[in-house]
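As structure tokens, the structure follows; a few thoughts come after it.
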Amino acid sequence: MGGFVVVTLLTFIGLLAITFFIGRVVPIDPVLSVVGDRATQEQYDAAKIALGLDRPLVMQFFSYVGDVFQGDLGRSISTNRDVAADLTRVFPATLEMATLGIIIGVGLGVPLGVYAAARQGSWVDQIIRVFALLGYSVPAFWLGLVGLAVFYAGLGWVSGPGRVDIFYEGLVPARTGLMLVDAALAGDWDVFWNALDHLGLPAAILGFFSLAYIARMTRSFMLDQLGQEYVTTARVKGVPEWRVIWGHAFRPIRVPLITVIGLSYAALLEGSVMIETVFSWPGIGNYLTVALLNADMNAVLGATLVIGAVFILINKLSDVLYRVLDPRSR
């Protein structure tokens, strides 16, 4: 357990170093972003000293690490609020959308991958492979725009951009930041169904992208197992085919699937920028986009740090699940 904590801590410090030094080498002057391009040299110098940017880079880094471990990510010039408070407000929206997306991806991708492997070379296998290939090929922003044009503007099957309709905003107290959970806790089912209606399309698009990766990897893992001798032996003994597939061949691939699902989930959390922009979704991706456009480096570094920390956490949780499912790794 101690080694696990040390490795996680060192990884996080490495992430801090990468985000900090990249933030210092990009051609954006944080001082100019604060004072504006019409400030005098005296105002510029005073702001530089106030921000601590006149000190050596190493001292700035250690100061930055100390602030982060105290929960201080600086102040956003875009919102004029603490970055930590902003991220606490916007991250649950991304988490909610990505979580529903990965549920869709796993719920459909794993069975499709298993079925494609079991019917290798058939027309069903070919259709599933083409469907998965589309998930790699189609740009997210294009699919989002087409989805809005068809299912919202054309057919009216789903609600439009945003998390809820404007007349539902503020009706539910934000206890967790997850709109569906907060609406259920408040017992306001009108808000719940409206939020789900808004969430369905962007989550389905994210789920489609994760489904493509999960289905392809599941098929690959299953093909490897179905070619093993123990599977042939089980079939010769007359074991039902469904039990051969799910009881014998599928069990060994659960451990590598954890990695695939974990990486897919992390990718949805960090790669939802385009979907959030298209759907005006008030999540961390949209927040990061606005911060970049405004040269708001505190917000950019804070959002990048949170996304990286989530990625580390998911990978470490995957390691824990390895030990639960595979005693040999303990």
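Ligands are numbered from 1 in the order shown, chains are lettered A, B, ... in the order of the structure tokens, and residues start at 1 in each chain.
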
Set out as a Markdown table a contact list for range 154-212 of chain A and range 246-263 of chain A with a cut-off of 12 Å, giving each residue of range 154-212 of chain A that qualifies its closest atom pair and distance in Å to one decimal, counting only C-alpha atoms, ordered by chain and rising residue number.
```
| residue | atom | partner | partner_atom | distance |
| --- | --- | --- | --- | --- |
| A:Gly207 | CA | A:Ile261 | CA | 11.6 |
| A:Ser210 | CA | A:Ile261 | CA | 8.3 |
| A:Leu211 | CA | A:Ile261 | CA | 9.7 |
| A:Ala212 | CA | A:Val260 | CA | 11.4 |
```

Could you give me, as a PyMOL selection string, the residues within 12 Å of range 166-175 of chain A, counting only C-alpha atoms and dropping anything in the same chain fewer than 4 positions from it? chain A and resi 88-90+92-93+159-162+179-195+198

Report as CSV the residues of range 171-239 of chain A within 12 Å of range 274-291 of chain A, each with its shortest atom pair and distance in Å (one decimal), using only C-alpha atoms, ordered by chain and increasing residue number.
```
residue,atom,partner,partner_atom,distance
A:Gly177,CA,A:Gly283,CA,10.7
A:Leu178,CA,A:Gly283,CA,11.0
A:Met179,CA,A:Pro282,CA,11.6
A:Ala195,CA,A:Trp281,CA,11.7
A:His198,CA,A:Phe279,CA,9.2
A:Leu199,CA,A:Trp281,CA,9.3
A:Gly200,CA,A:Phe279,CA,11.4
A:Leu201,CA,A:Phe279,CA,9.2
A:Pro202,CA,A:Ile275,CA,6.7
A:Ala203,CA,A:Ile275,CA,9.1
A:Ala204,CA,A:Ile275,CA,10.8
A:Ile205,CA,A:Ile275,CA,8.3
A:Leu206,CA,A:Ile275,CA,8.0
A:Gly207,CA,A:Ile275,CA,11.7
A:Phe209,CA,A:Ile275,CA,11.5
```

Given the selection you just returned, output its residues as a file containing all heavy atoms, formatted as a short mmCIF file (atom, residue, chain, number, x, y, z; two decimals), in the first residue's frame.
```cif
data_model
loop_
_atom_site.label_atom_id
_atom_site.label_comp_id
_atom_site.auth_asym_id
_atom_site.auth_seq_id
_atom_site.Cartn_x
_atom_site.Cartn_y
_atom_site.Cartn_z
N GLY A 177 -23.46 18.42 -7.93
CA GLY A 177 -23.07 18.96 -9.23
C GLY A 177 -23.51 18.08 -10.39
O GLY A 177 -23.47 18.51 -11.54
N LEU A 178 -23.93 16.85 -10.09
CA LEU A 178 -24.46 15.94 -11.11
C LEU A 178 -25.95 16.20 -11.23
O LEU A 178 -26.71 15.92 -10.29
CB LEU A 178 -24.17 14.49 -10.73
CG LEU A 178 -22.70 14.14 -10.45
CD1 LEU A 178 -22.59 12.72 -9.91
CD2 LEU A 178 -21.87 14.30 -11.71
N MET A 179 -26.38 16.71 -12.37
CA MET A 179 -27.76 17.17 -12.51
C MET A 179 -28.77 16.05 -12.27
O MET A 179 -29.79 16.25 -11.59
CB MET A 179 -27.95 17.77 -13.90
CG MET A 179 -29.32 18.42 -14.12
SD MET A 179 -29.57 19.88 -13.07
CE MET A 179 -28.43 21.04 -13.85
N ALA A 195 -33.17 16.94 -17.91
CA ALA A 195 -31.71 16.83 -17.93
C ALA A 195 -31.26 15.59 -18.69
O ALA A 195 -30.29 15.63 -19.45
CB ALA A 195 -31.17 16.80 -16.50
N HIS A 198 -31.48 16.19 -22.38
CA HIS A 198 -30.34 16.98 -22.87
C HIS A 198 -29.06 16.15 -22.91
O HIS A 198 -28.22 16.33 -23.79
CB HIS A 198 -30.11 18.21 -21.97
CG HIS A 198 -31.03 19.35 -22.26
ND1 HIS A 198 -30.69 20.39 -23.10
CD2 HIS A 198 -32.29 19.63 -21.81
CE1 HIS A 198 -31.69 21.25 -23.16
NE2 HIS A 198 -32.67 20.82 -22.38
N LEU A 199 -28.92 15.26 -21.94
CA LEU A 199 -27.69 14.49 -21.80
C LEU A 199 -27.59 13.36 -22.81
O LEU A 199 -26.48 12.95 -23.19
CB LEU A 199 -27.61 13.92 -20.37
CG LEU A 199 -26.42 13.06 -20.00
CD1 LEU A 199 -25.12 13.86 -20.11
CD2 LEU A 199 -26.59 12.51 -18.59
N GLY A 200 -28.72 12.85 -23.25
CA GLY A 200 -28.75 11.63 -24.06
C GLY A 200 -27.90 11.69 -25.31
O GLY A 200 -27.08 10.80 -25.56
N LEU A 201 -28.06 12.74 -26.12
CA LEU A 201 -27.36 12.80 -27.41
C LEU A 201 -25.85 12.97 -27.25
O LEU A 201 -25.08 12.20 -27.85
CB LEU A 201 -27.94 13.91 -28.28
CG LEU A 201 -27.35 14.03 -29.69
CD1 LEU A 201 -27.50 12.72 -30.45
CD2 LEU A 201 -28.02 15.17 -30.46
N PRO A 202 -25.35 13.94 -26.48
CA PRO A 202 -23.88 14.04 -26.34
C PRO A 202 -23.26 12.80 -25.70
O PRO A 202 -22.17 12.38 -26.08
CB PRO A 202 -23.68 15.29 -25.48
CG PRO A 202 -24.99 15.53 -24.82
CD PRO A 202 -26.03 15.04 -25.76
N ALA A 203 -23.96 12.20 -24.72
CA ALA A 203 -23.44 10.99 -24.09
C ALA A 203 -23.42 9.83 -25.08
O ALA A 203 -22.50 9.01 -25.07
CB ALA A 203 -24.26 10.64 -22.86
N ALA A 204 -24.44 9.76 -25.94
CA ALA A 204 -24.49 8.68 -26.93
C ALA A 204 -23.35 8.83 -27.94
O ALA A 204 -22.76 7.83 -28.37
CB ALA A 204 -25.84 8.70 -27.65
N ILE A 205 -23.02 10.07 -28.30
CA ILE A 205 -21.92 10.29 -29.24
C ILE A 205 -20.59 9.89 -28.59
O ILE A 205 -19.76 9.20 -29.21
CB ILE A 205 -21.89 11.75 -29.71
CG1 ILE A 205 -23.12 12.04 -30.56
CG2 ILE A 205 -20.61 12.05 -30.49
CD1 ILE A 205 -23.26 13.49 -30.96
N LEU A 206 -20.38 10.29 -27.33
CA LEU A 206 -19.17 9.85 -26.63
C LEU A 206 -19.16 8.33 -26.48
O LEU A 206 -18.11 7.68 -26.62
CB LEU A 206 -19.11 10.50 -25.24
CG LEU A 206 -18.74 11.98 -25.18
CD1 LEU A 206 -18.67 12.45 -23.74
CD2 LEU A 206 -17.41 12.25 -25.86
N GLY A 207 -20.33 7.76 -26.19
CA GLY A 207 -20.43 6.31 -26.07
C GLY A 207 -20.09 5.60 -27.36
O GLY A 207 -19.50 4.52 -27.35
N PHE A 209 -17.89 6.58 -29.60
CA PHE A 209 -16.43 6.57 -29.76
C PHE A 209 -15.77 5.55 -28.83
O PHE A 209 -14.85 4.85 -29.23
CB PHE A 209 -15.86 7.96 -29.52
CG PHE A 209 -16.20 8.94 -30.60
CD1 PHE A 209 -17.10 9.97 -30.38
CD2 PHE A 209 -15.64 8.83 -31.86
CE1 PHE A 209 -17.42 10.86 -31.39
CE2 PHE A 209 -15.95 9.73 -32.87
CZ PHE A 209 -16.85 10.74 -32.63
#
```

In Å, rounded to a single decimal, give me how far CA of Phe91 in chain A is from CA of Ala303 in chain A. 9.0 Å

Quick one: DSSP alpha helix (DSSP H) residues in range 53-169 of chain A, as a ChimeraX atom specification? /A:57-69,83-118,123-137,140-147

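Of the listed residues (A:Phe12, A:Trp242, A:Phe151, A:Phe141), A:Phe141 comes nearest to Ser272 in chain A; the distances count only C-alpha atoms.
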